[in-house]
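File shown here: my_file-v4.tsv, holding TSV, C-alpha atoms.
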```
chain	number	residue	atom	x	y	z
X	1	MET	CA	6.60	-81.49	20.65
X	2	ALA	CA	9.97	-82.10	22.26
X	3	LEU	CA	8.61	-84.73	24.64
X	4	LEU	CA	7.69	-86.97	21.70
X	5	GLY	CA	11.14	-86.84	20.15
X	6	ASP	CA	14.36	-88.69	20.89
X	7	ASN	CA	14.75	-87.33	24.47
X	8	ASN	CA	17.32	-84.78	23.22
X	9	LEU	CA	15.18	-81.83	24.24
X	10	GLU	CA	17.75	-79.19	23.29
X	11	THR	CA	17.29	-79.91	19.57
X	12	TYR	CA	13.69	-78.61	19.77
X	13	LEU	CA	14.47	-75.30	21.49
X	14	SER	CA	14.13	-72.07	19.52
X	15	ASN	CA	17.36	-70.92	17.91
X	16	GLU	CA	18.93	-68.02	19.76
X	17	ASP	CA	18.76	-64.82	17.77
X	18	GLU	CA	21.44	-62.16	18.23
X	19	ASN	CA	18.71	-59.56	17.70
X	20	ARG	CA	16.73	-60.56	20.78
X	21	THR	CA	13.43	-58.84	21.50
X	22	ASP	CA	11.08	-58.84	24.46
X	23	SER	CA	8.96	-61.39	22.59
X	24	SER	CA	11.88	-63.74	21.93
X	25	LYS	CA	13.04	-63.45	25.54
X	26	SER	CA	9.55	-64.35	26.76
X	27	GLN	CA	9.53	-67.35	24.43
X	28	GLU	CA	12.89	-68.51	25.78
X	29	ASP	CA	11.61	-68.17	29.35
X	30	VAL	CA	8.56	-70.32	28.59
X	31	GLU	CA	10.64	-72.94	26.82
X	32	PHE	CA	13.06	-73.08	29.74
X	33	SER	CA	10.25	-73.58	32.27
X	34	CYS	CA	8.80	-76.38	30.13
X	35	PHE	CA	12.31	-77.81	29.58
X	36	GLU	CA	12.74	-78.31	33.32
X	37	LEU	CA	9.44	-80.18	33.57
X	38	PHE	CA	9.99	-82.25	30.43
X	39	SER	CA	13.52	-83.18	31.56
X	40	THR	CA	12.15	-84.89	34.64
X	41	TYR	CA	9.92	-87.06	32.49
X	42	CYS	CA	12.65	-87.87	29.93
X	43	ASN	CA	15.36	-88.80	32.42
X	44	GLU	CA	15.26	-92.58	32.08
X	45	SER	CA	18.48	-93.01	34.09
X	46	LEU	CA	17.00	-91.37	37.19
X	47	TYR	CA	13.38	-92.50	36.95
X	48	PRO	CA	12.01	-95.90	35.94
X	49	GLU	CA	9.07	-95.94	33.52
X	50	GLU	CA	6.49	-96.40	36.30
X	51	ASP	CA	7.66	-93.24	38.07
X	52	ARG	CA	7.81	-91.26	34.83
X	53	LEU	CA	4.26	-92.25	33.92
X	54	GLU	CA	3.14	-91.25	37.40
X	55	LYS	CA	4.55	-87.77	36.76
X	56	VAL	CA	2.22	-87.32	33.78
X	57	LYS	CA	-0.81	-88.74	35.53
X	58	LEU	CA	-4.00	-86.69	35.36
X	59	LYS	CA	-4.62	-85.48	38.93
X	60	ARG	CA	-8.28	-86.28	38.59
X	61	ALA	CA	-9.38	-86.30	42.24
X	62	ARG	CA	-7.53	-83.05	43.00
X	63	HIS	CA	-9.06	-81.32	39.99
X	64	VAL	CA	-12.55	-82.41	41.03
X	65	ARG	CA	-12.06	-81.13	44.58
X	66	TYR	CA	-10.84	-77.79	43.26
X	67	LEU	CA	-13.80	-77.49	40.90
X	68	ILE	CA	-16.45	-78.43	43.46
X	69	SER	CA	-14.98	-75.88	45.88
X	70	GLY	CA	-15.81	-73.21	43.30
X	71	LEU	CA	-19.48	-74.19	43.35
X	72	ASN	CA	-19.62	-73.82	47.12
X	73	HIS	CA	-17.63	-70.68	47.80
X	74	LEU	CA	-15.60	-68.11	45.88
X	75	PRO	CA	-13.22	-65.60	47.53
X	76	ALA	CA	-13.62	-61.83	47.28
X	77	SER	CA	-11.09	-61.72	44.44
X	78	PHE	CA	-13.80	-63.11	42.13
X	79	GLU	CA	-15.84	-59.91	42.52
X	80	SER	CA	-14.55	-58.78	39.10
X	81	LEU	CA	-16.38	-61.76	37.55
X	82	ASP	CA	-19.77	-60.73	38.92
X	83	ALA	CA	-21.05	-60.34	35.33
X	84	SER	CA	-19.70	-63.78	34.39
X	85	ARG	CA	-21.42	-66.02	36.92
X	86	PRO	CA	-23.09	-68.31	34.35
X	87	TRP	CA	-19.63	-68.76	32.80
X	88	LEU	CA	-18.26	-69.91	36.15
X	89	CYS	CA	-21.09	-72.44	36.36
X	90	TYR	CA	-20.36	-73.70	32.85
X	91	TRP	CA	-16.57	-73.88	33.22
X	92	ILE	CA	-16.88	-75.82	36.47
X	93	LEU	CA	-19.73	-78.16	35.52
X	94	HIS	CA	-18.27	-79.00	32.10
X	95	SER	CA	-14.86	-79.73	33.64
X	96	ILE	CA	-16.38	-81.99	36.28
X	97	SER	CA	-18.32	-83.90	33.62
X	98	LEU	CA	-15.22	-84.43	31.45
X	99	LEU	CA	-13.48	-85.89	34.49
X	100	GLY	CA	-16.29	-88.45	34.73
X	101	GLU	CA	-17.81	-87.02	37.89
X	102	ASP	CA	-21.09	-85.26	38.72
X	103	VAL	CA	-22.60	-83.06	41.40
X	104	ASP	CA	-25.36	-84.32	43.67
X	105	GLY	CA	-29.06	-83.73	43.02
X	106	ARG	CA	-29.40	-81.01	45.64
X	107	LYS	CA	-26.51	-79.01	44.23
X	108	LYS	CA	-27.90	-79.42	40.69
X	109	SER	CA	-31.22	-77.96	41.80
X	110	GLU	CA	-29.48	-75.02	43.51
X	111	ILE	CA	-27.57	-74.24	40.30
X	112	VAL	CA	-30.75	-74.44	38.23
X	113	GLN	CA	-32.52	-72.05	40.60
X	114	PHE	CA	-29.61	-69.61	40.45
X	115	LEU	CA	-29.46	-69.68	36.64
X	116	SER	CA	-33.22	-69.22	36.46
X	117	ARG	CA	-32.74	-65.91	38.30
X	118	CYS	CA	-30.26	-64.87	35.58
X	119	GLN	CA	-32.92	-65.38	32.90
X	120	CYS	CA	-34.50	-62.16	31.65
X	121	LEU	CA	-38.19	-61.60	30.97
X	122	SER	CA	-37.29	-60.23	27.54
X	123	GLY	CA	-35.40	-63.43	26.74
X	124	GLY	CA	-31.85	-64.67	27.17
X	125	PHE	CA	-29.65	-64.73	30.26
X	126	GLY	CA	-27.63	-62.02	31.93
X	127	GLY	CA	-24.28	-62.35	33.69
X	128	GLY	CA	-26.07	-62.48	37.04
X	129	PRO	CA	-29.51	-61.89	38.54
X	130	GLY	CA	-30.97	-58.56	37.40
X	131	GLN	CA	-28.38	-58.02	34.66
X	132	ASN	CA	-29.22	-57.37	31.01
X	133	PRO	CA	-29.35	-60.31	28.59
X	134	HIS	CA	-26.08	-61.05	26.77
X	135	VAL	CA	-25.39	-63.65	24.09
X	136	GLY	CA	-22.24	-64.88	25.85
X	137	SER	CA	-24.01	-65.26	29.21
X	138	THR	CA	-26.87	-67.00	27.41
X	139	TYR	CA	-24.49	-69.54	25.88
X	140	ALA	CA	-22.84	-70.17	29.25
X	141	ALA	CA	-26.16	-70.56	31.09
X	142	VAL	CA	-27.66	-72.89	28.48
X	143	MET	CA	-24.50	-75.03	28.34
X	144	ALA	CA	-24.42	-75.24	32.12
X	145	LEU	CA	-28.06	-76.30	32.23
X	146	CYS	CA	-27.42	-78.92	29.55
X	147	CYS	CA	-24.39	-80.15	31.49
X	148	LEU	CA	-26.76	-80.77	34.41
X	149	GLY	CA	-29.14	-82.55	32.04
X	150	THR	CA	-32.14	-82.75	34.37
X	151	LYS	CA	-35.78	-82.10	33.47
X	152	GLU	CA	-35.73	-79.19	35.92
X	153	ALA	CA	-32.74	-77.71	34.09
X	154	TYR	CA	-34.31	-78.12	30.66
X	155	LYS	CA	-37.68	-76.70	31.72
X	156	THR	CA	-36.03	-73.59	33.16
X	157	ILE	CA	-35.22	-72.34	29.64
X	158	ASN	CA	-37.88	-70.14	28.05
X	159	ARG	CA	-37.28	-71.09	24.41
X	160	GLU	CA	-39.75	-68.62	22.87
X	161	SER	CA	-38.38	-65.50	24.54
X	162	LEU	CA	-34.84	-66.74	24.04
X	163	ALA	CA	-35.41	-67.10	20.29
X	164	ASP	CA	-36.85	-63.56	20.21
X	165	PHE	CA	-33.75	-62.24	21.97
X	166	LEU	CA	-31.36	-64.04	19.58
X	167	ARG	CA	-33.20	-62.65	16.55
X	168	SER	CA	-32.99	-59.14	18.00
X	169	VAL	CA	-29.19	-59.04	18.06
X	170	VAL	CA	-28.63	-59.78	14.34
X	171	ASP	CA	-28.11	-56.89	11.96
X	172	PRO	CA	-30.23	-57.92	8.95
X	173	GLY	CA	-28.27	-55.63	6.65
X	174	THR	CA	-24.69	-56.72	7.41
X	175	GLY	CA	-25.26	-60.09	9.08
X	176	ALA	CA	-23.18	-59.02	12.09
X	177	VAL	CA	-24.28	-60.48	15.43
X	178	HIS	CA	-24.18	-58.19	18.43
X	179	VAL	CA	-23.45	-59.63	21.87
X	180	GLU	CA	-26.32	-57.61	23.31
X	181	VAL	CA	-28.88	-55.19	21.96
X	182	GLY	CA	-26.89	-52.12	20.95
X	183	GLY	CA	-23.60	-53.78	21.91
X	184	GLU	CA	-20.46	-54.62	19.94
X	185	ALA	CA	-20.51	-57.25	17.22
X	186	ASP	CA	-17.94	-60.02	16.82
X	187	VAL	CA	-17.81	-63.66	15.80
X	188	ARG	CA	-18.23	-64.89	19.38
X	189	GLY	CA	-21.78	-63.58	19.39
X	190	ALA	CA	-22.61	-65.50	16.23
X	191	TYR	CA	-21.14	-68.72	17.57
X	192	CYS	CA	-22.80	-68.49	20.97
X	193	ALA	CA	-26.20	-67.77	19.41
X	194	LEU	CA	-25.96	-70.59	16.86
X	195	ALA	CA	-24.65	-73.15	19.36
X	196	VAL	CA	-27.59	-72.39	21.67
X	197	SER	CA	-30.03	-72.57	18.75
X	198	HIS	CA	-28.56	-75.93	17.71
X	199	LEU	CA	-29.01	-77.50	21.14
X	200	LEU	CA	-32.46	-76.04	21.81
X	201	SER	CA	-33.93	-76.43	18.29
X	202	LEU	CA	-34.76	-72.74	18.07
X	203	ASN	CA	-36.30	-71.35	14.91
X	204	VAL	CA	-33.79	-68.58	14.13
X	205	GLY	CA	-32.32	-69.89	10.86
X	206	GLU	CA	-33.83	-67.22	8.61
X	207	ALA	CA	-32.63	-64.38	10.84
X	208	TYR	CA	-29.09	-65.77	10.95
X	209	ALA	CA	-28.69	-66.59	7.25
X	210	PRO	CA	-26.95	-63.23	6.51
X	211	ALA	CA	-24.42	-63.96	9.26
X	212	ALA	CA	-22.60	-66.49	7.06
X	213	GLY	CA	-21.31	-63.84	4.67
X	214	TRP	CA	-20.23	-61.55	7.51
X	215	LEU	CA	-18.38	-64.42	9.21
X	216	ALA	CA	-16.59	-65.28	5.95
X	217	ARG	CA	-15.37	-61.68	5.71
X	218	CYS	CA	-13.69	-62.12	9.09
X	219	GLN	CA	-11.18	-64.59	7.62
X	220	SER	CA	-7.84	-62.78	7.47
X	221	TYR	CA	-5.00	-62.97	4.94
X	222	GLU	CA	-3.27	-65.43	7.32
X	223	GLY	CA	-6.11	-67.93	7.03
X	224	GLY	CA	-7.47	-67.72	10.57
X	225	PHE	CA	-10.42	-65.58	11.65
X	226	ALA	CA	-10.54	-62.24	13.43
X	227	GLY	CA	-13.27	-60.97	15.71
X	228	CYS	CA	-14.43	-58.57	12.98
X	229	PRO	CA	-13.47	-58.02	9.33
X	230	GLY	CA	-10.00	-56.53	8.84
X	231	LEU	CA	-8.49	-57.46	12.22
X	232	GLU	CA	-5.84	-60.01	13.27
X	233	ALA	CA	-6.52	-63.76	13.20
X	234	HIS	CA	-6.92	-65.27	16.67
X	235	GLY	CA	-7.46	-68.79	18.03
X	236	GLY	CA	-10.67	-68.18	19.93
X	237	TYR	CA	-12.21	-66.14	17.14
X	238	SER	CA	-11.16	-68.75	14.58
X	239	PHE	CA	-12.93	-71.53	16.43
X	240	CYS	CA	-16.05	-69.47	16.99
X	241	ALA	CA	-16.22	-68.26	13.38
X	242	TYR	CA	-15.58	-71.64	11.80
X	243	ALA	CA	-17.93	-73.51	14.15
X	244	ALA	CA	-20.63	-70.90	13.44
X	245	ILE	CA	-20.13	-71.29	9.68
X	246	LYS	CA	-20.37	-75.04	10.12
X	247	LEU	CA	-23.60	-74.71	12.11
X	248	LEU	CA	-24.96	-72.60	9.24
X	249	GLY	CA	-23.80	-75.19	6.68
X	250	ARG	CA	-21.91	-72.57	4.64
X	251	GLU	CA	-18.35	-73.93	4.64
X	252	GLU	CA	-18.03	-73.22	0.92
X	253	LEU	CA	-17.76	-69.49	1.69
X	254	ILE	CA	-14.33	-69.71	3.30
X	255	ASP	CA	-10.81	-70.78	2.32
X	256	THR	CA	-10.51	-74.08	4.17
X	257	ASP	CA	-6.95	-74.77	2.99
X	258	ALA	CA	-5.76	-71.42	4.36
X	259	LEU	CA	-7.47	-72.12	7.69
X	260	CYS	CA	-5.79	-75.54	7.86
X	261	ARG	CA	-2.37	-73.97	7.27
X	262	TRP	CA	-2.99	-71.30	9.89
X	263	ALA	CA	-4.22	-73.80	12.51
X	264	VAL	CA	-1.36	-76.24	11.93
X	265	SER	CA	1.13	-73.39	12.39
X	266	ARG	CA	-0.21	-72.59	15.86
X	267	GLN	CA	1.18	-75.78	17.48
X	268	MET	CA	4.45	-74.94	19.21
X	269	GLN	CA	7.56	-76.86	18.20
X	270	PHE	CA	8.99	-77.27	21.70
X	271	GLU	CA	6.04	-77.04	24.09
X	272	GLY	CA	3.51	-79.02	22.04
X	273	GLY	CA	0.62	-76.78	23.06
X	274	PHE	CA	-0.97	-74.09	20.92
X	275	GLN	CA	-0.48	-70.34	20.67
X	276	GLY	CA	-3.47	-68.13	19.89
X	277	ARG	CA	-1.81	-65.79	17.40
X	278	THR	CA	1.31	-65.59	15.30
X	279	ASN	CA	4.45	-64.84	17.35
X	280	LYS	CA	2.67	-65.26	20.69
X	281	LEU	CA	3.31	-67.61	23.60
X	282	VAL	CA	1.74	-70.99	24.21
X	283	ASP	CA	-1.42	-70.91	26.34
X	284	GLY	CA	-3.32	-73.88	27.75
X	285	CYS	CA	-6.75	-72.48	26.82
X	286	TYR	CA	-5.91	-72.83	23.10
X	287	SER	CA	-5.80	-76.58	23.67
X	288	PHE	CA	-9.46	-76.27	22.77
X	289	TRP	CA	-9.81	-72.94	20.97
X	290	VAL	CA	-7.26	-74.03	18.35
X	291	GLY	CA	-7.25	-77.79	19.01
X	292	GLY	CA	-11.03	-77.86	18.63
X	293	LEU	CA	-10.69	-76.71	15.03
X	294	PHE	CA	-9.06	-79.94	13.90
X	295	PRO	CA	-12.06	-82.31	14.24
X	296	LEU	CA	-14.24	-79.78	12.40
X	297	LEU	CA	-11.65	-79.40	9.65
X	298	HIS	CA	-11.27	-83.17	9.44
X	299	PHE	CA	-15.01	-83.54	8.77
X	300	GLU	CA	-14.78	-80.95	6.01
X	301	LEU	CA	-11.76	-82.56	4.35
X	302	VAL	CA	-13.49	-85.96	4.35
X	303	LYS	CA	-16.62	-84.33	2.88
X	304	ARG	CA	-14.44	-82.97	0.07
X	305	GLY	CA	-13.28	-86.49	-0.78
X	306	MET	CA	-9.92	-86.38	0.96
X	307	SER	CA	-8.69	-89.12	3.28
X	308	PRO	CA	-6.49	-87.56	5.98
X	309	PRO	CA	-5.09	-90.41	8.12
X	310	ASP	CA	-5.59	-88.45	11.32
X	311	LEU	CA	-6.10	-84.95	12.69
X	312	LEU	CA	-3.72	-82.36	11.23
X	313	CYS	CA	-1.95	-81.85	14.56
X	314	SER	CA	-0.03	-83.91	17.10
X	315	ARG	CA	-2.60	-85.16	19.57
X	316	LEU	CA	0.03	-86.52	21.94
X	317	ALA	CA	2.17	-83.37	21.94
X	318	LEU	CA	-0.82	-81.31	23.08
X	319	GLN	CA	-1.63	-83.79	25.83
X	320	SER	CA	1.99	-83.89	26.98
X	321	TYR	CA	2.01	-80.11	27.36
X	322	VAL	CA	-1.17	-80.08	29.43
X	323	LEU	CA	-0.33	-83.06	31.63
X	324	VAL	CA	3.30	-82.13	32.27
X	325	CYS	CA	3.19	-78.31	32.28
X	326	CYS	CA	-0.35	-77.19	33.13
X	327	GLN	CA	-1.45	-79.16	36.19
X	328	ASN	CA	-1.43	-77.46	39.56
X	329	GLU	CA	-0.30	-79.82	42.32
X	330	LYS	CA	-3.34	-78.87	44.43
X	331	GLY	CA	-5.78	-79.30	41.55
X	332	GLY	CA	-6.89	-77.12	38.67
X	333	LEU	CA	-5.09	-76.31	35.43
X	334	LEU	CA	-3.33	-73.25	34.12
X	335	ASP	CA	-2.14	-71.27	31.12
X	336	LYS	CA	1.57	-72.17	31.33
X	337	PRO	CA	4.16	-72.96	34.04
X	338	GLY	CA	4.35	-70.20	36.63
X	339	LYS	CA	0.77	-69.02	36.13
X	340	ARG	CA	-2.08	-69.42	38.62
X	341	ARG	CA	-4.79	-72.03	38.20
X	342	ASP	CA	-8.30	-70.90	37.33
X	343	PHE	CA	-11.61	-72.37	36.24
X	344	TYR	CA	-11.39	-70.97	32.71
X	345	HIS	CA	-8.09	-72.68	31.90
X	346	THR	CA	-9.19	-75.84	33.69
X	347	CYS	CA	-12.22	-76.01	31.41
X	348	TYR	CA	-10.45	-75.41	28.11
X	349	THR	CA	-7.31	-77.45	28.77
X	350	LEU	CA	-9.47	-80.44	29.68
X	351	SER	CA	-11.71	-79.79	26.66
X	352	GLY	CA	-8.68	-79.80	24.38
X	353	VAL	CA	-7.28	-82.99	25.87
X	354	SER	CA	-10.68	-84.68	25.55
X	355	THR	CA	-10.86	-83.63	21.90
X	356	MET	CA	-7.41	-85.07	21.16
X	357	GLN	CA	-8.15	-88.33	22.98
X	358	ASN	CA	-11.64	-89.08	21.80
X	359	PHE	CA	-12.00	-87.97	18.20
X	360	GLN	CA	-12.01	-91.14	16.13
X	361	THR	CA	-10.83	-91.62	12.58
X	362	ALA	CA	-10.37	-94.87	10.71
X	363	ALA	CA	-6.62	-94.62	11.32
X	364	ALA	CA	-6.80	-93.60	14.98
X	365	PRO	CA	-9.18	-95.64	17.11
X	366	ARG	CA	-9.63	-94.48	20.69
X	367	LEU	CA	-7.19	-96.49	22.75
X	368	ALA	CA	-5.46	-95.80	26.05
X	369	MET	CA	-1.94	-97.19	26.21
X	370	THR	CA	1.48	-96.03	27.29
X	371	ASP	CA	3.25	-95.78	23.93
X	372	PHE	CA	3.33	-92.89	21.47
X	373	ASN	CA	1.30	-94.56	18.73
X	374	THR	CA	-2.11	-94.04	20.33
X	375	PRO	CA	-4.26	-90.99	21.03
X	376	VAL	CA	-3.91	-91.08	24.85
X	377	PHE	CA	-0.69	-89.87	26.44
X	378	GLY	CA	0.48	-91.63	29.56
X	379	LEU	CA	-1.62	-93.90	31.74
X	380	LYS	CA	-4.97	-95.37	30.78
X	381	SER	CA	-6.49	-93.44	33.70
X	382	ASN	CA	-5.74	-90.17	31.85
X	383	LEU	CA	-8.63	-90.81	29.47
X	384	LEU	CA	-11.36	-88.15	29.72
X	385	GLU	CA	-15.01	-88.30	28.71
X	386	PRO	CA	-15.64	-87.15	25.10
X	387	THR	CA	-16.72	-83.58	24.47
X	388	ASP	CA	-18.92	-82.55	21.55
X	389	PRO	CA	-16.61	-80.74	19.09
X	390	LEU	CA	-19.23	-78.16	18.05
X	391	VAL	CA	-20.76	-76.98	21.32
X	392	ASN	CA	-18.16	-78.19	23.86
X	393	ILE	CA	-20.24	-79.99	26.40
X	394	ARG	CA	-19.93	-83.70	27.09
X	395	GLN	CA	-21.12	-85.63	24.08
X	396	ASP	CA	-23.85	-87.60	25.84
X	397	ARG	CA	-25.21	-84.42	27.46
X	398	ALA	CA	-25.34	-82.70	24.06
X	399	LEU	CA	-27.19	-85.63	22.48
X	400	SER	CA	-29.68	-85.75	25.36
X	401	ALA	CA	-30.39	-82.01	25.08
X	402	VAL	CA	-30.85	-82.14	21.31
X	403	ALA	CA	-33.26	-85.10	21.62
X	404	TYR	CA	-35.27	-83.45	24.42
X	405	PHE	CA	-35.69	-80.07	22.71
X	406	ARG	CA	-36.54	-81.61	19.34
X	407	MET	CA	-39.42	-83.33	21.07
X	408	GLU	CA	-40.36	-80.06	22.73
X	409	LYS	CA	-40.40	-78.33	19.33
X	410	GLN	CA	-42.70	-80.97	17.88
X	411	SER	CA	-45.12	-81.00	20.83
```

Show the structure stored in the file as structure tokens.
Amino acid sequence: MALLGDNNLETYLSNEDENRTDSSKSQEDVEFSCFELFSTYCNESLYPEEDRLEKVKLKRARHVRYLISGLNHLPASFESLDASRPWLCYWILHSISLLGEDVDGRKKSEIVQFLSRCQCLSGGFGGGPGQNPHVGSTYAAVMALCCLGTKEAYKTINRESLADFLRSVVDPGTGAVHVEVGGEADVRGAYCALAVSHLLSLNVGEAYAPAAGWLARCQSYEGGFAGCPGLEAHGGYSFCAYAAIKLLGREELIDTDALCRWAVSRQMQFEGGFQGRTNKLVDGCYSFWVGGLFPLLHFELVKRGMSPPDLLCSRLALQSYVLVCCQNEKGGLLDKPGKRRDFYHTCYTLSGVSTMQNFQTAAAPRLAMTDFNTPVFGLKSNLLEPTDPLVNIRQDRALSAVAYFRMEKQS
């Protein structure tokens, strides 16, 4: 959050500890790399305001070019992601849509045809053609198809067999949701299944009712959620678990105050971005995995009769970290300075920024200005399209999918 202070960046650095550890050294290294980038922005004597704002400009056109290149060709180094091809489609398409762009009709049809080959006869989607169905791949494929938002994309999804597959991965005794038949169980499986069911109006509510209690048992003593009961709280698991509980309408089962405290503590004092676990480094992907918790928590606090003036985090600090420290000059976004760009971090950094910019409360209308009293950091052109806080696709695409599949269910 140093960039939002009084331009004396040193006051926000971590205090040096005489008992230095590998972890504290790594934290110092990250802070120093961010310090160099922040210093350029803060140096009013060297750079006039116009130049400083240009330095935090969203490199929209470069990001779009990078993303579209991933739809056309991927190098051999992506071979390790052969079982994650629907995820690549989702990360790229969602990112493009948040940037306010789209792919042409021919490319949309090609993507639909590819994803249709990932769909299994027994229901659900695999990580590629001929692969076994997996709840994560199913989420990615369905979100990608809903990002496209065409009739061809919608009609590709076999809702009946998909619902059968999602019912088959729930343990009726414990409520645990397995990521595939006979596979491991963790909160990501529950979230992915429920998010898909929400968008497609699938009739799986009865099968997933026991999952609420199992998800609640995944809340750790820290307040965040682990992948399974008894493990360490983690940003991605916390979002998935809490969003799943919200989709089930069972928020009363968990300690919301403890989750709020845990989430608030994940925003880094100097960098402004979020860490995923206690005593870990900042990472751009948690811009959404932790940042995405705050709109959901805000809804719950309002429902409980509270009146929080805004989200329980610094929206502008998160945006400053992403825009100053996470943009690759050639396009694409990254974990932290010094790391390589990739489609995963591009997707979730943009999703986090969109969440911070677009979530509206009575005290924080969506405005785009160049001062620090508004939800958009930097230039007006930095404003992204709004993402749906529960399923993380563009809000208008989510609404269109829900409307279409509700009609399908009734017909």

Please identify all polymer residues within 12 Å of Arg304 (chain X), counting all atoms listed in the file, omitting same-chain residues fewer than 4 positions from it, and present them as a PyMOL selection string. chain X and resi 251-252+256-257+297-300+308

Proximity check region 239-315 of chain X to region 320-329 of chain X, 12 Å, nearest pairs one decimal Å, all atoms listed in the file, as a Markdown table:
```
| residue | atom | partner | partner_atom | distance |
| --- | --- | --- | --- | --- |
| X:Gln267 | CA | X:Tyr321 | CA | 10.8 |
| X:Met268 | CA | X:Tyr321 | CA | 10.0 |
| X:Gln269 | CA | X:Tyr321 | CA | 11.2 |
| X:Phe270 | CA | X:Tyr321 | CA | 9.4 |
| X:Glu271 | CA | X:Tyr321 | CA | 6.0 |
| X:Gly272 | CA | X:Tyr321 | CA | 5.6 |
| X:Gly273 | CA | X:Tyr321 | CA | 5.6 |
| X:Phe274 | CA | X:Tyr321 | CA | 9.3 |
| X:Val282 | CA | X:Tyr321 | CA | 9.7 |
| X:Asp283 | CA | X:Cys326 | CA | 9.3 |
| X:Gly284 | CA | X:Val322 | CA | 6.8 |
| X:Cys285 | CA | X:Val322 | CA | 9.8 |
| X:Tyr286 | CA | X:Val322 | CA | 10.7 |
| X:Ser287 | CA | X:Val322 | CA | 8.2 |
| X:Phe288 | CA | X:Val322 | CA | 11.3 |
| X:Ser314 | CA | X:Ser320 | CA | 10.1 |
| X:Arg315 | CA | X:Ser320 | CA | 8.8 |
```

Would you kindly identify which residues have an atom no farther than 10 Å from (-33.0, -67.6, 13.8), using all atoms listed in the file and the file's own coordinates, and write them out as an MDAnalysis selection string? chainID X and resid 163:168 170 193:194 197 201:209

With C-alpha atoms kept, could you save the residues just selected as a compact mmCIF listing (two decimals), in the frame of the given file?
```txt
# COMPACT_ATOMS: atom_id res chain seq x y z
CA ALA X 163 -35.41 -67.10 20.29
CA ASP X 164 -36.85 -63.56 20.21
CA PHE X 165 -33.75 -62.24 21.97
CA LEU X 166 -31.36 -64.04 19.58
CA ARG X 167 -33.20 -62.65 16.55
CA SER X 168 -32.99 -59.14 18.00
CA VAL X 170 -28.63 -59.78 14.34
CA ALA X 193 -26.20 -67.77 19.41
CA LEU X 194 -25.96 -70.59 16.86
CA SER X 197 -30.03 -72.57 18.75
CA SER X 201 -33.93 -76.43 18.29
CA LEU X 202 -34.76 -72.74 18.07
CA ASN X 203 -36.30 -71.35 14.91
CA VAL X 204 -33.79 -68.58 14.13
CA GLY X 205 -32.32 -69.89 10.86
CA GLU X 206 -33.83 -67.22 8.61
CA ALA X 207 -32.63 -64.38 10.84
CA TYR X 208 -29.09 -65.77 10.95
CA ALA X 209 -28.69 -66.59 7.25
```

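Shortest atom-to-atom contact with Pro229 (chain X) among X:Ala83, X:Cys34, X:Val181, X:Ala176: X:Ala176, counting only C-alpha atoms.
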
Which polymer residues, whether protein, DNA or RNA, lie within 12 Å of the coordinate (1.6, -68.5, 14.7) when you count only C-alpha atoms? List them as a CSV table (one decimal) with C-alpha atoms, keeping the file's coordinate frame, using the chain letters and numbers from the file.
```csv
chain,number,residue,atom,x,y,z
X,222,GLU,CA,-3.3,-65.4,7.3
X,223,GLY,CA,-6.1,-67.9,7.0
X,224,GLY,CA,-7.5,-67.7,10.6
X,232,GLU,CA,-5.8,-60.0,13.3
X,233,ALA,CA,-6.5,-63.8,13.2
X,234,HIS,CA,-6.9,-65.3,16.7
X,235,GLY,CA,-7.5,-68.8,18.0
X,261,ARG,CA,-2.4,-74.0,7.3
X,262,TRP,CA,-3.0,-71.3,9.9
X,263,ALA,CA,-4.2,-73.8,12.5
X,264,VAL,CA,-1.4,-76.2,11.9
X,265,SER,CA,1.1,-73.4,12.4
X,266,ARG,CA,-0.2,-72.6,15.9
X,267,GLN,CA,1.2,-75.8,17.5
X,268,MET,CA,4.4,-74.9,19.2
X,269,GLN,CA,7.6,-76.9,18.2
X,273,GLY,CA,0.6,-76.8,23.1
X,274,PHE,CA,-1.0,-74.1,20.9
X,275,GLN,CA,-0.5,-70.3,20.7
X,276,GLY,CA,-3.5,-68.1,19.9
X,277,ARG,CA,-1.8,-65.8,17.4
X,278,THR,CA,1.3,-65.6,15.3
X,279,ASN,CA,4.4,-64.8,17.4
X,280,LYS,CA,2.7,-65.3,20.7
X,281,LEU,CA,3.3,-67.6,23.6
X,282,VAL,CA,1.7,-71.0,24.2
X,290,VAL,CA,-7.3,-74.0,18.4
```

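Shortest separation to Ala401 (chain X) among X:Asp29, X:Val142, X:Asp102, X:Val56 occurs at residue X:Val142, atoms counted being all atoms listed in the file.
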
The distance between CA of Leu318 (chain X) and CA of Asp335 (chain X) is 12.9 Å

State, in Å with one decimal place, the distance from CA of Leu384 (chain X) to CA of Leu74 (chain X). 26.1 Å

Provide an axis-aligned box for all listed atoms of region 400-409 of chain X, padding each side by 6 Å; report its centre and its edge lengths in Å to one decimal, as AutoDock Vina command-line options.
```
--center_x -35.0 --center_y -82.0 --center_z 22.3 --size_x 22.7 --size_y 19.4 --size_z 18.0
```

Give me, please, the distance in Å between CA of Arg117 (chain X) and CA of Ser161 (chain X), quoted to one decimal. 14.9 Å

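When the distance limit is 10 Å and only C-alpha atoms are what count, the residues near Leu13 (chain X), minus those fewer than 4 positions from it on the same chain, are X:Ala2, X:Leu9, X:Gln27, X:Glu28, X:Glu31, X:Phe32, X:Phe35, X:Gln269, X:Phe270, X:Glu271.
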
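With distances restricted to all atoms listed in the file, X:Ser84 is the closest residue to Ser137 (chain X) from X:Arg106, X:Asn158, X:Asp171, X:Ser84.
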
Nearby residues (all atoms listed in the file) at most 12 Å from Val112 (chain X), same-chain spacing under 5 positions excluded, as a ChimeraX atom specification: /X:86,89-90,93,105-107,117-119,141-157
